[in-house]
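**Q** So that we are looking at the same thing, I have put the structure below in structure tokens.
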Amino acid sequence: MKQINLNEWEDISKVEEYRDDPFLPIFEITEESKNYVDIIDISQKGIKVKAKNFVGFIPLDENYLLVVSPKVAVEDFLYMLFRAQGKKAKLRDFDRVIKTGREKGMEYPNMFHFLLYVLLHELEKIRTQGFLKRSVPKIENRKSIKGKILVKETILKNHALGKKNEVWCSYYDLSKNIPENMAIKFTLSAVFKSDLIPNNAIPTFFDRYRDFASIALSHPKNFLDEVEDNLDQNKIPTTRQYYFDILNLCIFFITHSKLEYKSGKEVKLKAFVIDMNDIFEEYVRRALIDELPEEIRIKKKKERLFDNKENKVDPDYRFLKNGEVVCVGDAKYKEAPATDDFYQLLAYLDVYDVKSGVLIYPQFEDSPEEEKFTQREKVIWIYRLNLAKLKEAEEKLSSFIAGVINEREIS
């Protein structure tokens, strides 16, 4: 399968090989891929494609694989990704991981391969510091007593059959066979069976998979909810805190991979797609929650749009002060604002009866950081977040939002 490497929103004519002839000999892309790529031209030679805001591996047909990378730097992408998942991430942590990889001569042709490297890097901590284990109930026929004797089972299954020297017992035992380790083994299995893993990483992945040989291989529905709850409720012991990073990566792979289940234990990884709009929206929310002044709260809630039960108004952010909505906002991961974004935000302003709203976009190239528009006594601000200076940008965004809410003039 031939790979075509693009950045977000880049069309195939930017690739040197296709500059003179940008048409691929494809006349029908796979159904799963139609939402993840734009077909910008069609000719007798085939189709001309353009990447959208989806990062990852997108199979176009049996012969061509589109590999889309984010426009932002690797460390900034990972920081946004982990912050969007609720992790208290620090940019210097990702700088360290990237530096370590490059010192070993590793380069990352795409984001998927880089994330695989990060996962392998984190799994080394299990090898050196140990597996997470929990006490699990166990029922066993034994020659020596352990825990509670199960009288009924012992009489029916042993004594009745002449097995006088054996006894059924119920007890708790420390086990590695728990949801957290199942999630890790499932992720390794899914990635290992795919065609997307770099050849030089296959031996290492196989070794890590063998480390989990005694762990049951289960379908995500059997463990995913419990793992996410344990992470949310901080149920990972202090001595095993490295599991947080590993499990966040595993959940990320499971969530964003397009998986085809053949049976309860077999899985085929068909594609790996990250919707950067979802990542950007949740990243901005987490940043605002952490950075806004205490008197300003942020919430998200669905309301009926103009009492029409078929339509729901759902702004990304509702900003509250003294318990009242004073501003609404939307985050859009786009190259440029669209007219529909303005009309959508105006509808939100009418529903919540507030004067000001904010549209938050990523900042690319020389676009202005702030813009102001007034319509029907409503004020719509555009704010562009500088993705090349994320920590500084988070602080500036929160100050900007606070200024809009407090009706200060933003210079």
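Here, A, B, ... name the chains of the structure tokens in the order displayed, residue numbers run from 1 inside each chain, and ligands are numbered from 1 in the same displayed order.
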Give me, as a PyMOL selection string, all polymer residues having an atom no more than 8 Å from segment 319-330 of chain A, counting only C-alpha atoms and skipping those fewer than 4 positions away in the same chain.

**A** chain A and resi 281+295-299+315+345+348-349+352+354-360+405

**Q** How about saving the chosen residues, N, CA and C atoms kept, as a PDB file, in the first residue's frame?

**A**
ATOM      1  N   GLU A 281     -11.484  21.626  20.966  1.00  0.00           N
ATOM      2  CA  GLU A 281     -12.603  22.082  21.804  1.00  0.00           C
ATOM      3  C   GLU A 281     -12.393  21.694  23.268  1.00  0.00           C
ATOM      4  N   GLU A 295     -14.193  33.667  40.095  1.00  0.00           N
ATOM      5  CA  GLU A 295     -15.582  34.147  40.032  1.00  0.00           C
ATOM      6  C   GLU A 295     -16.260  33.804  38.713  1.00  0.00           C
ATOM      7  N   ILE A 296     -15.496  33.307  37.738  1.00  0.00           N
ATOM      8  CA  ILE A 296     -16.063  32.936  36.443  1.00  0.00           C
ATOM      9  C   ILE A 296     -16.034  31.421  36.309  1.00  0.00           C
ATOM     10  N   ARG A 297     -17.186  30.848  36.057  1.00  0.00           N
ATOM     11  CA  ARG A 297     -17.281  29.409  35.875  1.00  0.00           C
ATOM     12  C   ARG A 297     -17.644  29.091  34.432  1.00  0.00           C
ATOM     13  N   ILE A 298     -17.327  27.872  34.023  1.00  0.00           N
ATOM     14  CA  ILE A 298     -17.609  27.467  32.654  1.00  0.00           C
ATOM     15  C   ILE A 298     -18.406  26.173  32.676  1.00  0.00           C
ATOM     16  N   LYS A 299     -19.485  26.168  31.908  1.00  0.00           N
ATOM     17  CA  LYS A 299     -20.351  24.988  31.849  1.00  0.00           C
ATOM     18  C   LYS A 299     -20.769  24.734  30.416  1.00  0.00           C
ATOM     19  N   PRO A 315     -23.937  25.344  22.830  1.00  0.00           N
ATOM     20  CA  PRO A 315     -22.661  26.057  22.741  1.00  0.00           C
ATOM     21  C   PRO A 315     -21.567  25.274  23.449  1.00  0.00           C
ATOM     22  N   LEU A 345     -23.438  31.320  16.525  1.00  0.00           N
ATOM     23  CA  LEU A 345     -23.176  32.004  17.789  1.00  0.00           C
ATOM     24  C   LEU A 345     -24.248  33.055  18.081  1.00  0.00           C
ATOM     25  N   TYR A 348     -27.073  31.362  19.713  1.00  0.00           N
ATOM     26  CA  TYR A 348     -26.785  31.096  21.119  1.00  0.00           C
ATOM     27  C   TYR A 348     -27.000  32.342  21.974  1.00  0.00           C
ATOM     28  N   LEU A 349     -26.557  33.487  21.465  1.00  0.00           N
ATOM     29  CA  LEU A 349     -26.709  34.740  22.208  1.00  0.00           C
ATOM     30  C   LEU A 349     -28.182  35.061  22.445  1.00  0.00           C
ATOM     31  N   TYR A 352     -29.691  32.578  25.172  1.00  0.00           N
ATOM     32  CA  TYR A 352     -29.263  32.852  26.543  1.00  0.00           C
ATOM     33  C   TYR A 352     -29.402  34.321  26.927  1.00  0.00           C
ATOM     34  N   VAL A 354     -27.759  37.056  26.138  1.00  0.00           N
ATOM     35  CA  VAL A 354     -26.532  37.736  26.533  1.00  0.00           C
ATOM     36  C   VAL A 354     -26.010  38.551  25.354  1.00  0.00           C
ATOM     37  N   LYS A 355     -25.166  39.500  25.660  1.00  0.00           N
ATOM     38  CA  LYS A 355     -24.705  40.453  24.647  1.00  0.00           C
ATOM     39  C   LYS A 355     -23.466  39.977  23.903  1.00  0.00           C
ATOM     40  N   SER A 356     -22.576  39.266  24.605  1.00  0.00           N
ATOM     41  CA  SER A 356     -21.263  38.965  24.027  1.00  0.00           C
ATOM     42  C   SER A 356     -21.035  37.478  23.829  1.00  0.00           C
ATOM     43  N   GLY A 357     -20.352  37.166  22.731  1.00  0.00           N
ATOM     44  CA  GLY A 357     -19.957  35.791  22.458  1.00  0.00           C
ATOM     45  C   GLY A 357     -18.557  35.764  21.871  1.00  0.00           C
ATOM     46  N   VAL A 358     -17.898  34.620  21.993  1.00  0.00           N
ATOM     47  CA  VAL A 358     -16.511  34.481  21.534  1.00  0.00           C
ATOM     48  C   VAL A 358     -16.377  33.243  20.658  1.00  0.00           C
ATOM     49  N   LEU A 359     -15.764  33.423  19.502  1.00  0.00           N
ATOM     50  CA  LEU A 359     -15.380  32.311  18.635  1.00  0.00           C
ATOM     51  C   LEU A 359     -13.877  32.128  18.761  1.00  0.00           C
ATOM     52  N   ILE A 360     -13.468  30.922  19.123  1.00  0.00           N
ATOM     53  CA  ILE A 360     -12.052  30.649  19.371  1.00  0.00           C
ATOM     54  C   ILE A 360     -11.526  29.739  18.267  1.00  0.00           C
ATOM     55  N   ILE A 405     -16.079  39.393  29.567  1.00  0.00           N
ATOM     56  CA  ILE A 405     -17.143  39.215  30.574  1.00  0.00           C
ATOM     57  C   ILE A 405     -17.268  40.437  31.456  1.00  0.00           C
TER      58      ILE A 405
END

**Q** I need the helix (DSSP H, G or I) residues of segment 58-178 of chain A per DSSP on the backbone, written as an MDAnalysis selection string.

**A** chainID A and resid 74:84 91:103 111:129 151:157 159:161

**Q** Extract, using only C-alpha atoms, all DNA, RNA and protein residues at most 9 Å from Lys185 of chain A, discarding same-chain residues fewer than 2 positions from it, and format them as a list in words.

**A**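 The filter keeps Glu180, Asn181, Met182, Ala183, Thr187, Leu188, Ser189, Ala190, Arg208, Tyr209, Phe212, Ala213, Ile215, Ala216, Leu217 and Ser218 of chain A.
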
**Q** What's the 10 Å shell around Lys146 of chain A, counting only C-alpha atoms, without same-chain residues fewer than 6 positions away, as a VMD selection string?

**A** chain A and resid 139 to 140 167 to 172

**Q** Restricting the calculation to only C-alpha atoms, which member of A:Lys391, A:Lys48, A:Lys133, A:Lys372 is positioned closest to Leu288 of chain A?

**A** A:Lys391

**Q** Write out as number ranges by chain each polymer residue whose atoms come within 6 Å of segment 83-87 of chain A, counting only C-alpha atoms; drop sequence neighbours fewer than 4 positions from it.

**A** A: 279, 282-283

**Q** For the residues in that selection, give me C-alpha atoms as a PDB file, in the first residue's frame.

**A**
ATOM      1  CA  ILE A 279      -9.296  17.733  20.684  1.00  0.00           C
ATOM      2  CA  GLU A 282     -11.851  19.993  24.891  1.00  0.00           C
ATOM      3  CA  TYR A 283      -8.315  21.364  25.231  1.00  0.00           C
TER       4      TYR A 283
END

**Q** Residues of segment 114-224 of chain A in strand (DSSP E) according to DSSP, as a VMD selection string?

**A** chain A and resid 134 to 142 148 to 149 167 to 175

**Q** Find the residues near Phe400 of chain A: any atom within 12 Å, counting only C-alpha atoms, skip ones fewer than 3 places away on the same chain, and give them as a tab-separated table (two decimals) with C-alpha atoms, in the first residue's frame.

**A**
chain	number	residue	atom	x	y	z
A	288	LEU	CA	-10.11	27.85	30.63
A	291	GLU	CA	-6.89	29.61	34.10
A	292	LEU	CA	-10.10	31.67	34.49
A	293	PRO	CA	-10.56	33.71	37.69
A	357	GLY	CA	-19.96	35.79	22.46
A	358	VAL	CA	-16.51	34.48	21.53
A	359	LEU	CA	-15.38	32.31	18.63
A	360	ILE	CA	-12.05	30.65	19.37
A	369	GLU	CA	-5.16	37.53	17.38
A	370	GLU	CA	-8.41	39.43	18.03
A	371	GLU	CA	-11.29	40.73	15.93
A	381	TRP	CA	-15.32	38.42	19.28
A	382	ILE	CA	-12.89	36.23	17.35
A	383	TYR	CA	-9.89	35.06	19.33
A	384	ARG	CA	-7.08	33.05	17.75
A	385	LEU	CA	-5.03	30.81	20.02
A	393	ALA	CA	-1.62	31.43	24.88
A	394	GLU	CA	-3.72	29.79	27.62
A	395	GLU	CA	-3.05	32.68	30.00
A	396	LYS	CA	-3.78	35.29	27.31
A	397	LEU	CA	-7.04	33.55	26.33
A	403	GLY	CA	-12.08	41.08	29.88
A	404	VAL	CA	-15.06	40.37	27.62
A	405	ILE	CA	-17.14	39.22	30.57
A	406	ASN	CA	-16.18	42.23	32.66
A	407	GLU	CA	-16.90	44.47	29.65
A	408	ARG	CA	-13.43	45.97	29.65
A	409	GLU	CA	-12.03	47.37	26.45
A	410	ILE	CA	-9.64	44.87	24.92
A	411	SER	CA	-6.69	46.63	23.39

**Q** With distances taken over only C-alpha atoms, which of A:Gln241, A:Ser398, A:Ser69, A:Thr154 is nearest to Gly56 of chain A?

**A** A:Ser69

**Q** Go through A:Phe82, A:Phe186, A:Leu174, A:Pro368 and flag the residue nearest Phe244 of chain A, using only C-alpha atoms for the distances.

**A**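 Of the candidates, the smallest distance to Phe244 of chain A is held by A:Phe82.
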